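Asks: Have a look at the structure that comes next, please.
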Amino acid sequence: MDRVLVELQEAARLMNAPSVNQEQRKQAESLLLKFKKSEKPYAVCKSILENSDDPYLHFLASSTLKEGVMREWALLGDTEIDQLRDYLLNYAHSHLGTHAYVLRQMLHVVALIVKRSILSRDAAYLDTFVSNVCSLFTSSNTLNLGLEIAAALLAEFTVADKTLSSYMSYQHNIDCKRAIEGNALYKIFMSTMEVIDQLKNSPVSQHRREWLQLMSILNSVLSWDFGVILSKRLAQMSSLSLPVVNLMPGAQWAILKEEKVLALLVELHSAFSAERDIQHTTRHCIVQLGTLQGAIFNDQSERVTFLSRYIAAMVKLANGACAQQSNDEDHGIALAIRQLLWANTCQDLGNVHVGLFREFLGAVSELSVKVMLNSAKEDQDEGSTQDVVDVILDIWYTLLQMMDTLPRSPLDQCMLRVVECYVKCHLAPPTGIRDDSQDMDEVDVDTEEDDRLKFRDQLEIVGSLARINLENTLPHYTSLLLERARVVRKFVENQEECTALYEDIHWIVLLIGYALADAPTDSDLTIPATILDFLAKQDVPVGVESTQAYIQTQLGQCADLPTQNQIIAPIFALMELSALYQDILGKGGCHALSPQVFSSLIWALTRIMSSYHMPNERDYQFIPTSVVTTFGVDSPISGWLVGFLVEKIISGLVYYSGEQSTVEDCLALLQACAKNSRIALVLMKDENFKKLVDRYTSGLLILPSSKANRMFSAALTVIMSHLPTSEHQQFIDRVFGSIRDSTVKMLFSPEVSEVPASPALTQQVLTALDTFHGIAAGIVNKIVDVVFNTVIPILEGSVNLLKISQHVQPITRSILELFCAIADSGILQIDKAQTHRLYDTCYKVLKCYSDSAASRESLTVGVEDDRYDNILLCLELLSHLCSKDFFNFDEPDSYDETSSRLVLVGLDIIVPHIDVELLKFPKLSNEFFKLITFICEVYPEKVVGLPDGVVDQIVLMLKVGLNNYNDDITFYIFNAVSALSVHSANNPPFQKKIGQIIKHTLLLISGQELSAELYDTAADMVFSFICKCRNEYLTVVNEIVVQQEDPNSQECLRTAFSALIPATPSTTLTRRDKGKFSKIFENFAVNVYGICR
């Protein structure tokens, strides 16, 4: 033993030495890991604790004790376990000065022992142990030890699903949690409160360690989940959705609703003002207490009394935060208020006295204003200040959802104040307080995140709040925008600095866009209900003749708007500024204008017009007269507006052709117009649109990016879908005929061989491929035939192009992307003949890529990255082709297996190019294993019948994926093997192959290397294998057992594996049978932990 101790001390020294070569460190690490997994390490661990003074070794000994006792629990008697527990407690008591992390690890072992011992001991075991722990609280000499033990117990018992860390089944964890909730948890809480009461009048600095422990224990108790125990799967789902657990104790905990507990926490919060870490924990205790609910309240009046008391405390804390300059304090109080609102229903809050609630709203609004003003004075990129603003706005959005049951008048006033403050923070002086002192030269425009994305959530909430006070907010926005619009022309003419002005306009435009409309979606947008309600009460008429006169003579001159309608006016203000921009651009003033403002204007028009312009009146029970008069299908103003919008699109594409984001915003507006069939039909007759199409077909319209090219052709394709069927081919020929014919001619002529060597031809080909990619993206059912007939020659010609341009990666990628787009958008709607033609072309392109990839011998970084992109696209193509079978609606007699054969052959073509290194890319590995799983689940009988070489490659990939990638990959693999097991009942050679995956999985479970969340899926897989491949399962079990040298381990494994075999073999694999097996399998995982070596 002395020799072992010396070796471990030397290994620990090498591990922590600053200058040690890699080989020595590796050997030391190997020795320490071997010791940690050694059998019966208890004597050596005790020797280390008693004879070594190295804290690293002490921690290693404690960790090894934990691993050993949990691994060999079944081999240890109660006496040995109790002796080890008492030894650790005595050692901790006699070595209170040891390092904190060592002491905590040691006591964590004690907590684990206690937890695992509960169910095999008498009912008084836990209560007796906790009583002994609480008795340590009474002496200053043992207080720290008692607190550390209590904290370790709570940390171990608090979470129900601790299969991995506690080496216990889910049900065992639940039973232990219920056991401590009986009396032990309450006893720890009351003992903690007694100590707090004794220390609260002493200086915090004298008992800092004790306070940290006390508040941590109190926080653990108040964060305890007393709720109903869910099934394992439901518990996992709920743990992902609930940020804070509501406090729902039984009637025994009546002390929590008493005033003294809340008062004590508020008092401690103030006392810890100089100790930020302790104050943070105290603040979280206050947050948790605000979630108190359930059986602890005898009736509704008790709940309202507690809630009123808590709200009064929040008012006090919020007012205190306003008087300080602490971002952490602001954040903490905001979180507490938000959780209060989330944890209580609007009915409960509505029962609070109006005066108190008004005071609460006032305090929250004061805190909100303070937080936003502070954020405006700091760098907008400061995450901490913006995080607090996010929480503040969450509070107001939550109150917005409760408006129907809360006092409306004070709520409206406070929300208006919040909106006005937010506006003020984003405008420059004198109107606002935005700090523009940062040198713009220091800002990297290319990497600066767009405000629409960066502040999207904030703007959405502020827009919703603005709708509550439309009579105040929208007129204010309108006047702010017009004031600045009138200054723009003057600044441009005088060549004055306009940066602050443009920033103001940018933010005002964003605010108007978010206030008037919701975010675009795939479905048709409607005008927000709040705005419809507002117009129903005070709809100011819009004069058609006066508006037309204004449009013809005054638009763009910043004159008075033609309407006082508070909803329509800001839209006209946007149009006014857009017309002003148009005028200045036409006079050569592009260099003096801000592309960002133009982009924001186009974005706002897109967002607003998607809801207001030519609405479908059948979507509304009531539609305001002013909206119909201005934007209705039959309105002359609406018809003019189509041309106006196209003008702006053309201006953006021409004058800002180098600004990719601006161009894409313009094309997004065109797509929005194309999506609305009523606008699209008017668009087809508009002269400006005809000019735009003519510029495109003549090659004068130069788009700056591949994405822009695709967006434009997609928009034109969607517009075509609204035409009568007889006009589809004519439209295709007119708009895309030239590029189609020239591309087909080149692809099938000797000229194509010149493409790789000619940059000009390469760019021409890429532009054409992008165009047809966009056409594919715009496919709808009505036009699938005409589009397919247009695109299929391009696809067929692209195969030869791919072969010739195999080393020109942009062309390779574009060809594969085009195939993916076609397969994704149109494959479900084309007929059988077209499907076979597409399948044949897809096979050829995959084979061609495979041949060209095999010829590349270089493995430079660039080529490796290209290989990743291309393989990923090939996998996506196969996934899209799978959908033809998955969503097959043909008659059974006409069912065609071409897609399944193509996918399997395609996989055979692509798999040889996929290696372990390539699968380290998460996106590619996810796509690959998802496809493999899909194939195994949809075509299991075909996979089983594949050639041995292909099967071996697939099984190898599945085995490699088990423990080299993430849980999602493992989930896919388990599902794949489950499906294959069911269809391999009469195929012993195939059973043997997947039996190796089962064996590998069982070994992973024995070593606790499998996530607990995957146990149910693993159980389904093993159950399927046992039921369908029982003999092979017994072979796998025997292989695992005979590898063990210890006879006791062999016997233990045989017993555990035998318990998995159902008494009566199931052939149906019902959900009920799988559920029963899952529980058995979880106990199996606990019993075999650490046995396999």
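Residue numbers start at 1 in each chain; chains themselves are named A, B, ... in the order of the structure tokens; ligands are numbered from 1 in the order shown.
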Select from stretch 771-953 of chain A everything DSSP, run on the backbone, classes as helix (DSSP H, G or I), then give the selection as a ChimeraX atom specification.

Replies: /A:771-777,781-804,809-826,832-854,861-886,892-894,898-913,918-920,922-938,940-944,948-953

Asks: For A:Leu818, find every residue with an atom within 12 Å (counting only C-alpha atoms), except residues of its own chain fewer than 2 positions away, and show them as an MDAnalysis selection string.

Replies: chainID A and resid 710 766:777 791:792 794:796 798:799 811:816 820:826 842 845 873:874 876:877

Asks: Which residue out of A:Thr345, A:Asn21, A:Gln566, A:Gln552 has the minimum interatomic distance to A:Tyr477 when only C-alpha atoms are used?

Replies: A:Gln566

Asks: Would you work out the distance separating atom CA of A:Leu406 from atom CA of A:Gly250, expressed in Å to one decimal?

Replies: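 Straight-line distance from atom CA of A:Leu406 to atom CA of A:Gly250 works out to 29.5 Å.
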
Asks: Would you mind listing what lies within 9 Å of A:Leu465 as number ranges by chain, with only C-alpha atoms counted and same-chain residues fewer than 3 positions away left out?

Replies: A: 396-397, 400, 412, 415-416, 418-419, 460-462, 468-469, 515

Asks: For N, CA, C and O atoms, I'd like the residues from the last selection saved as a PDB file, in the first residue's frame.

Replies:
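Written out: out.pdb:
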ATOM      1  N   TRP A 396     -43.590  44.156 -18.973  1.00  0.00           N
ATOM      2  CA  TRP A 396     -44.711  44.921 -19.539  1.00  0.00           C
ATOM      3  C   TRP A 396     -45.489  44.099 -20.551  1.00  0.00           C
ATOM      4  O   TRP A 396     -46.718  44.257 -20.676  1.00  0.00           O
ATOM      5  N   TYR A 397     -44.815  43.218 -21.255  1.00  0.00           N
ATOM      6  CA  TYR A 397     -45.538  42.370 -22.189  1.00  0.00           C
ATOM      7  C   TYR A 397     -46.434  41.385 -21.433  1.00  0.00           C
ATOM      8  O   TYR A 397     -47.559  41.090 -21.872  1.00  0.00           O
ATOM      9  N   LEU A 400     -49.361  43.205 -20.362  1.00  0.00           N
ATOM     10  CA  LEU A 400     -50.213  43.430 -21.531  1.00  0.00           C
ATOM     11  C   LEU A 400     -51.159  42.252 -21.755  1.00  0.00           C
ATOM     12  O   LEU A 400     -52.333  42.448 -22.128  1.00  0.00           O
ATOM     13  N   ASP A 412     -52.399  51.808 -18.785  1.00  0.00           N
ATOM     14  CA  ASP A 412     -52.214  52.545 -20.045  1.00  0.00           C
ATOM     15  C   ASP A 412     -51.177  53.653 -19.889  1.00  0.00           C
ATOM     16  O   ASP A 412     -50.305  53.840 -20.740  1.00  0.00           O
ATOM     17  N   MET A 415     -47.637  52.170 -19.536  1.00  0.00           N
ATOM     18  CA  MET A 415     -47.147  51.627 -20.801  1.00  0.00           C
ATOM     19  C   MET A 415     -46.766  52.736 -21.768  1.00  0.00           C
ATOM     20  O   MET A 415     -45.759  52.637 -22.484  1.00  0.00           O
ATOM     21  N   LEU A 416     -47.538  53.802 -21.790  1.00  0.00           N
ATOM     22  CA  LEU A 416     -47.203  54.940 -22.647  1.00  0.00           C
ATOM     23  C   LEU A 416     -45.878  55.556 -22.208  1.00  0.00           C
ATOM     24  O   LEU A 416     -45.034  55.923 -23.045  1.00  0.00           O
ATOM     25  N   VAL A 418     -43.406  54.005 -20.764  1.00  0.00           N
ATOM     26  CA  VAL A 418     -42.332  53.095 -21.171  1.00  0.00           C
ATOM     27  C   VAL A 418     -42.017  53.274 -22.648  1.00  0.00           C
ATOM     28  O   VAL A 418     -40.846  53.343 -23.042  1.00  0.00           O
ATOM     29  N   VAL A 419     -43.049  53.355 -23.485  1.00  0.00           N
ATOM     30  CA  VAL A 419     -42.831  53.536 -24.922  1.00  0.00           C
ATOM     31  C   VAL A 419     -42.120  54.858 -25.192  1.00  0.00           C
ATOM     32  O   VAL A 419     -41.152  54.920 -25.973  1.00  0.00           O
ATOM     33  N   GLU A 460     -40.603  44.290 -30.968  1.00  0.00           N
ATOM     34  CA  GLU A 460     -41.902  43.615 -31.020  1.00  0.00           C
ATOM     35  C   GLU A 460     -42.741  43.991 -29.797  1.00  0.00           C
ATOM     36  O   GLU A 460     -43.941  44.279 -29.911  1.00  0.00           O
ATOM     37  N   ILE A 461     -42.112  43.978 -28.622  1.00  0.00           N
ATOM     38  CA  ILE A 461     -42.853  44.311 -27.397  1.00  0.00           C
ATOM     39  C   ILE A 461     -43.237  45.786 -27.378  1.00  0.00           C
ATOM     40  O   ILE A 461     -44.379  46.140 -27.053  1.00  0.00           O
ATOM     41  N   VAL A 462     -42.287  46.658 -27.730  1.00  0.00           N
ATOM     42  CA  VAL A 462     -42.593  48.087 -27.750  1.00  0.00           C
ATOM     43  C   VAL A 462     -43.697  48.375 -28.767  1.00  0.00           C
ATOM     44  O   VAL A 462     -44.584  49.206 -28.524  1.00  0.00           O
ATOM     45  N   ILE A 468     -51.504  49.980 -27.539  1.00  0.00           N
ATOM     46  CA  ILE A 468     -52.446  50.250 -26.443  1.00  0.00           C
ATOM     47  C   ILE A 468     -52.777  51.736 -26.375  1.00  0.00           C
ATOM     48  O   ILE A 468     -53.839  52.127 -25.891  1.00  0.00           O
ATOM     49  N   ASN A 469     -51.886  52.576 -26.872  1.00  0.00           N
ATOM     50  CA  ASN A 469     -52.087  54.034 -26.834  1.00  0.00           C
ATOM     51  C   ASN A 469     -51.885  54.614 -28.242  1.00  0.00           C
ATOM     52  O   ASN A 469     -51.103  55.539 -28.449  1.00  0.00           O
ATOM     53  N   ALA A 515     -45.202  48.926 -34.797  1.00  0.00           N
ATOM     54  CA  ALA A 515     -46.468  49.330 -34.193  1.00  0.00           C
ATOM     55  C   ALA A 515     -47.655  49.007 -35.088  1.00  0.00           C
ATOM     56  O   ALA A 515     -48.728  48.643 -34.603  1.00  0.00           O
TER      57      ALA A 515
END

Asks: For A:Val735, work out the shell of residues within 9 Å, counting only C-alpha atoms and skipping chain neighbours fewer than 6 positions away, then give it as an mmCIF file with C-alpha atoms, in the first residue's frame.

Replies:
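Below is the file part.cif, written as the result:
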data_model
loop_
_atom_site.group_PDB
_atom_site.id
_atom_site.type_symbol
_atom_site.label_atom_id
_atom_site.label_comp_id
_atom_site.auth_asym_id
_atom_site.auth_seq_id
_atom_site.Cartn_x
_atom_site.Cartn_y
_atom_site.Cartn_z
ATOM 1 C CA VAL A 693 -38.848 42.728 -66.165
ATOM 2 C CA ASP A 694 -37.445 44.242 -69.365
ATOM 3 C CA TYR A 696 -33.966 41.767 -66.218
ATOM 4 C CA THR A 697 -34.516 39.998 -69.548
ATOM 5 C CA LEU A 716 -41.395 36.216 -60.754
#

Asks: Give me the residues within 7 Å of stretch 961-970 of chain A as a ChimeraX atom specification, counting only C-alpha atoms and dropping any in the same chain fewer than 3 places off.

Replies: /A:926,929,957-958,973-974

Asks: Could you list, as an mmCIF file with N, CA, C and O atoms, in the first residue's frame, every residue within 6 Å of stretch 931-948 of chain A, counting only C-alpha atoms and ignoring same-chain residues fewer than 4 positions away?

Replies:
data_model
loop_
_atom_site.group_PDB
_atom_site.id
_atom_site.type_symbol
_atom_site.label_atom_id
_atom_site.label_comp_id
_atom_site.auth_asym_id
_atom_site.auth_seq_id
_atom_site.Cartn_x
_atom_site.Cartn_y
_atom_site.Cartn_z
ATOM 1 N N ASP A 952 -22.083 -3.773 -44.258
ATOM 2 C CA ASP A 952 -20.949 -3.631 -43.349
ATOM 3 C C ASP A 952 -20.585 -2.166 -43.158
ATOM 4 O O ASP A 952 -20.268 -1.734 -42.039
ATOM 5 N N TYR A 972 -30.996 8.649 -33.260
ATOM 6 C CA TYR A 972 -31.258 8.163 -34.616
ATOM 7 C C TYR A 972 -30.796 6.712 -34.777
ATOM 8 O O TYR A 972 -31.498 5.872 -35.366
ATOM 9 N N ALA A 976 -32.899 3.348 -35.757
ATOM 10 C CA ALA A 976 -32.559 2.583 -36.959
ATOM 11 C C ALA A 976 -32.387 1.104 -36.627
ATOM 12 O O ALA A 976 -32.916 0.221 -37.322
ATOM 13 N N ALA A 979 -35.682 -0.730 -35.953
ATOM 14 C CA ALA A 979 -36.405 -1.091 -37.173
ATOM 15 C C ALA A 979 -35.752 -2.282 -37.864
ATOM 16 O O ALA A 979 -36.443 -3.195 -38.348
ATOM 17 N N LEU A 980 -34.429 -2.302 -37.902
ATOM 18 C CA LEU A 980 -33.730 -3.402 -38.567
ATOM 19 C C LEU A 980 -33.903 -4.709 -37.805
ATOM 20 O O LEU A 980 -33.990 -5.786 -38.414
ATOM 21 N N HIS A 983 -36.989 -6.647 -38.748
ATOM 22 C CA HIS A 983 -37.014 -7.254 -40.087
ATOM 23 C C HIS A 983 -35.833 -8.191 -40.336
ATOM 24 O O HIS A 983 -35.551 -8.542 -41.482
#

Asks: Env of A:Ser599: 10 Å cut, atoms = only C-alpha atoms, seq-sep filter 5 positions within chain, self excluded. Answer as a PyMOL selection string.

Replies: chain A and resi 506+594+604-605+652+656+659+661-666

Asks: Pick out the closest residue to A:Glu329 from this set: A:Gln834, A:Thr385, A:Thr1055, A:Gln729. Count only C-alpha atoms.

Replies: A:Thr385

Asks: A:Thr142, A:Thr521, A:Asn51, A:Ser1006: which is nearest A:Leu89, counting only C-alpha atoms?

Replies: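 So, comparing all the options, the nearest one is A:Thr142.
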
Asks: Figure out the distance between atom CA of A:Leu427 and atom CA of A:Ala500, please, to one decimal in Å.

Replies: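 These atoms are spaced 8.4 Å apart.
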
Asks: Between A:Gly320, A:Pro1047, A:Gly632, A:Gly290, which has the minimum distance to A:Ile337 (counting only C-alpha atoms)?

Replies: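 Of A:Gly320, A:Pro1047, A:Gly632, A:Gly290, the one nearest A:Ile337 is A:Gly290, counting only C-alpha atoms.
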